[in-house]
Amino acid sequence: MINDEAPAAPSVSDTAPSVTGSAAARVVAGVLVLAFAAVTGLFAPFLVMASDGCNEGDARTICSTGGQQIVGTLPVGAAFVAALLAVVGMGSRGAAGRGCLLAAPCLLALAWVVSYAIADS
């Protein structure tokens, strides 16, 4: 016996949205963030050389041991964390992946700003 009053199954569309563009965009954004992290980790610690002009009793922040350690280690740590965020962002879909890819360059920029602020003071 066939039930003629049963609802018909919805039709399946063969035109699925392409995810190639978004995947490629995530990879390109991730590679750019990784490059920014590499530049930050390699060159930002050189801001410690701003302490070359320090004399004994100089009150500038870069002339203190703590200031020099922050300027030397903050960019390296930020580059490491940003690289991890970039890799997670490239591998994740949805809001978590986009959030990681957006947080990574913000973290790197913050490391540069703090390092420059300490080196310039």
# chains A, B, ... in the order shown; residues from 1 in each chain; ligands from 1
>>> residues_around(residues="region 63-70 of chain A", least_positions_apart="3", cutoff="10 Å", atoms="only C-alpha atoms", output="ChimeraX atom specification")
/A:45,47-60,73-75,111,114-115,118-119,121
>>> residues_around(residues="region 19-34 of chain A", least_positions_apart="5", cutoff="12 Å", atoms="only C-alpha atoms", output="PyMOL selection string")
chain A and resi 39-41+78-109
>>> write_last_selection(atoms="C-alpha atoms", output="PDB file, in the first residue's frame")
ATOM      1  CA  VAL A  39      60.021  39.246  10.638  1.00  0.00           C
ATOM      2  CA  THR A  40      58.879  40.164  14.139  1.00  0.00           C
ATOM      3  CA  GLY A  41      60.710  37.297  15.796  1.00  0.00           C
ATOM      4  CA  ALA A  78      54.480  37.120  20.355  1.00  0.00           C
ATOM      5  CA  ALA A  79      55.861  35.709  17.095  1.00  0.00           C
ATOM      6  CA  PHE A  80      55.634  32.166  18.446  1.00  0.00           C
ATOM      7  CA  VAL A  81      52.044  32.592  19.658  1.00  0.00           C
ATOM      8  CA  ALA A  82      51.046  34.372  16.428  1.00  0.00           C
ATOM      9  CA  ALA A  83      52.518  31.542  14.347  1.00  0.00           C
ATOM     10  CA  LEU A  84      50.469  29.033  16.337  1.00  0.00           C
ATOM     11  CA  LEU A  85      47.347  31.158  15.862  1.00  0.00           C
ATOM     12  CA  ALA A  86      48.039  31.365  12.121  1.00  0.00           C
ATOM     13  CA  VAL A  87      48.367  27.615  11.786  1.00  0.00           C
ATOM     14  CA  VAL A  88      45.170  27.051  13.786  1.00  0.00           C
ATOM     15  CA  GLY A  89      43.438  29.705  11.695  1.00  0.00           C
ATOM     16  CA  MET A  90      44.493  28.087   8.441  1.00  0.00           C
ATOM     17  CA  GLY A  91      43.257  24.706   9.590  1.00  0.00           C
ATOM     18  CA  SER A  92      39.954  25.785  11.131  1.00  0.00           C
ATOM     19  CA  ARG A  93      36.763  26.791   9.430  1.00  0.00           C
ATOM     20  CA  GLY A  94      34.224  29.222  10.710  1.00  0.00           C
ATOM     21  CA  ALA A  95      34.487  31.906  13.340  1.00  0.00           C
ATOM     22  CA  ALA A  96      37.289  30.245  15.312  1.00  0.00           C
ATOM     23  CA  GLY A  97      39.607  30.191  12.301  1.00  0.00           C
ATOM     24  CA  ARG A  98      38.808  33.773  11.355  1.00  0.00           C
ATOM     25  CA  GLY A  99      39.287  34.857  14.959  1.00  0.00           C
ATOM     26  CA  CYS A 100      42.721  33.254  15.123  1.00  0.00           C
ATOM     27  CA  LEU A 101      43.757  34.818  11.814  1.00  0.00           C
ATOM     28  CA  LEU A 102      42.601  38.231  13.040  1.00  0.00           C
ATOM     29  CA  ALA A 103      44.136  37.931  16.505  1.00  0.00           C
ATOM     30  CA  ALA A 104      47.602  36.956  15.264  1.00  0.00           C
ATOM     31  CA  PRO A 105      48.532  40.201  13.434  1.00  0.00           C
ATOM     32  CA  CYS A 106      46.971  42.232  16.253  1.00  0.00           C
ATOM     33  CA  LEU A 107      49.244  40.435  18.716  1.00  0.00           C
ATOM     34  CA  LEU A 108      52.290  41.094  16.532  1.00  0.00           C
ATOM     35  CA  ALA A 109      51.409  44.761  16.109  1.00  0.00           C
TER      36      ALA A 109
END
>>> atom_distance(atom1="CA of Ala38 (chain A)", atom2="CA of Leu110 (chain A)")
15.2 Å
>>> decode(residues="region 42-75 of chain A", atoms="N, CA, C and O atoms", output="CSV table (one decimal), in the first residue's frame")
chain,number,residue,atom,x,y,z
A,42,LEU,N,62.5,37.8,14.3
A,42,LEU,CA,63.9,37.9,13.9
A,42,LEU,C,64.5,39.3,14.1
A,42,LEU,O,65.6,39.5,14.6
A,43,PHE,N,63.7,40.4,13.8
A,43,PHE,CA,64.2,41.7,13.8
A,43,PHE,C,63.8,42.6,15.0
A,43,PHE,O,64.5,43.5,15.4
A,44,ALA,N,62.6,42.4,15.6
A,44,ALA,CA,62.2,43.2,16.7
A,44,ALA,C,63.1,43.2,17.9
A,44,ALA,O,63.3,44.2,18.6
A,45,PRO,N,63.7,42.0,18.2
A,45,PRO,CA,64.6,42.0,19.4
A,45,PRO,C,65.8,42.9,19.2
A,45,PRO,O,66.4,43.3,20.2
A,46,PHE,N,66.1,43.3,18.0
A,46,PHE,CA,67.2,44.2,17.8
A,46,PHE,C,66.9,45.6,18.4
A,46,PHE,O,67.8,46.5,18.4
A,47,LEU,N,65.7,45.9,18.8
A,47,LEU,CA,65.4,47.2,19.4
A,47,LEU,C,66.1,47.3,20.7
A,47,LEU,O,66.2,48.4,21.3
A,48,VAL,N,66.6,46.2,21.3
A,48,VAL,CA,67.4,46.3,22.5
A,48,VAL,C,68.7,47.2,22.3
A,48,VAL,O,69.2,47.8,23.2
A,49,MET,N,69.1,47.3,21.0
A,49,MET,CA,70.3,48.1,20.7
A,49,MET,C,70.0,49.6,21.0
A,49,MET,O,70.9,50.4,20.9
A,50,ALA,N,68.8,49.9,21.2
A,50,ALA,CA,68.5,51.3,21.6
A,50,ALA,C,69.1,51.7,22.9
A,50,ALA,O,69.2,52.9,23.2
A,51,SER,N,69.5,50.7,23.7
A,51,SER,CA,70.2,50.9,25.0
A,51,SER,C,71.6,51.2,24.8
A,51,SER,O,72.3,51.4,25.8
A,52,ASP,N,72.2,51.3,23.6
A,52,ASP,CA,73.6,51.6,23.4
A,52,ASP,C,74.0,52.9,24.0
A,52,ASP,O,75.1,53.1,24.4
A,53,GLY,N,73.1,53.9,23.9
A,53,GLY,CA,73.4,55.2,24.4
A,53,GLY,C,73.1,55.4,25.8
A,53,GLY,O,73.2,56.6,26.3
A,54,CYS,N,72.9,54.4,26.6
A,54,CYS,CA,72.6,54.5,28.0
A,54,CYS,C,73.9,54.8,28.8
A,54,CYS,O,74.9,54.1,28.6
A,55,ASN,N,73.8,55.7,29.7
A,55,ASN,CA,74.9,55.9,30.6
A,55,ASN,C,74.5,55.5,32.0
A,55,ASN,O,73.3,55.2,32.3
A,56,GLU,N,75.4,55.4,32.9
A,56,GLU,CA,75.1,55.1,34.3
A,56,GLU,C,74.2,56.1,34.9
A,56,GLU,O,74.4,57.3,34.8
A,57,GLY,N,73.1,55.6,35.5
A,57,GLY,CA,72.2,56.5,36.2
A,57,GLY,C,71.1,57.0,35.2
A,57,GLY,O,70.3,57.9,35.6
A,58,ASP,N,71.1,56.5,34.0
A,58,ASP,CA,70.1,57.0,33.0
A,58,ASP,C,68.7,56.4,33.4
A,58,ASP,O,68.6,55.2,33.7
A,59,ALA,N,67.7,57.2,33.5
A,59,ALA,CA,66.4,56.8,34.0
A,59,ALA,C,65.4,56.3,32.9
A,59,ALA,O,64.3,56.0,33.2
A,60,ARG,N,65.9,56.2,31.7
A,60,ARG,CA,65.0,55.7,30.6
A,60,ARG,C,64.7,54.3,30.8
A,60,ARG,O,65.5,53.5,31.3
A,61,THR,N,63.5,53.9,30.4
A,61,THR,CA,63.1,52.5,30.6
A,61,THR,C,64.0,51.5,29.8
A,61,THR,O,64.3,50.4,30.4
A,62,ILE,N,64.4,51.8,28.7
A,62,ILE,CA,65.3,50.9,27.9
A,62,ILE,C,66.6,50.7,28.6
A,62,ILE,O,67.3,49.7,28.3
A,63,CYS,N,67.0,51.6,29.5
A,63,CYS,CA,68.3,51.5,30.1
A,63,CYS,C,68.2,50.6,31.4
A,63,CYS,O,69.2,50.3,32.0
A,64,SER,N,67.0,50.1,31.7
A,64,SER,CA,66.9,49.2,32.8
A,64,SER,C,67.0,47.8,32.3
A,64,SER,O,66.7,47.5,31.1
A,65,THR,N,67.4,46.9,33.2
A,65,THR,CA,67.5,45.5,32.8
A,65,THR,C,66.1,44.9,32.4
A,65,THR,O,66.0,44.2,31.5
A,66,GLY,N,65.1,45.3,33.2
A,66,GLY,CA,63.8,44.8,32.9
A,66,GLY,C,63.3,45.2,31.5
A,66,GLY,O,62.6,44.5,30.8
A,67,GLY,N,63.5,46.5,31.2
A,67,GLY,CA,63.1,47.1,29.9
A,67,GLY,C,63.8,46.4,28.8
A,67,GLY,O,63.2,46.0,27.7
A,68,GLN,N,65.1,46.1,28.9
A,68,GLN,CA,65.8,45.4,27.9
A,68,GLN,C,65.3,44.0,27.7
A,68,GLN,O,65.2,43.4,26.6
A,69,GLN,N,65.0,43.3,28.8
A,69,GLN,CA,64.5,41.9,28.7
A,69,GLN,C,63.1,41.9,28.0
A,69,GLN,O,62.8,41.0,27.2
A,70,ILE,N,62.3,42.9,28.4
A,70,ILE,CA,60.9,42.9,27.7
A,70,ILE,C,61.1,43.1,26.2
A,70,ILE,O,60.5,42.5,25.4
A,71,VAL,N,61.9,44.1,25.8
A,71,VAL,CA,62.1,44.4,24.4
A,71,VAL,C,62.8,43.2,23.7
A,71,VAL,O,62.5,43.0,22.5
A,72,GLY,N,63.6,42.5,24.4
A,72,GLY,CA,64.2,41.3,23.7
A,72,GLY,C,63.4,40.1,23.6
A,72,GLY,O,63.5,39.3,22.7
A,73,THR,N,62.5,39.9,24.6
A,73,THR,CA,61.7,38.6,24.6
A,73,THR,C,60.3,38.7,24.2
A,73,THR,O,59.7,37.8,23.7
A,74,LEU,N,59.7,39.9,24.3
A,74,LEU,CA,58.3,40.1,24.0
A,74,LEU,C,58.0,39.8,22.5
A,74,LEU,O,57.1,39.0,22.2
A,75,PRO,N,58.8,40.3,21.6
A,75,PRO,CA,58.5,40.0,20.1
A,75,PRO,C,58.7,38.5,19.8
A,75,PRO,O,58.0,38.0,19.0
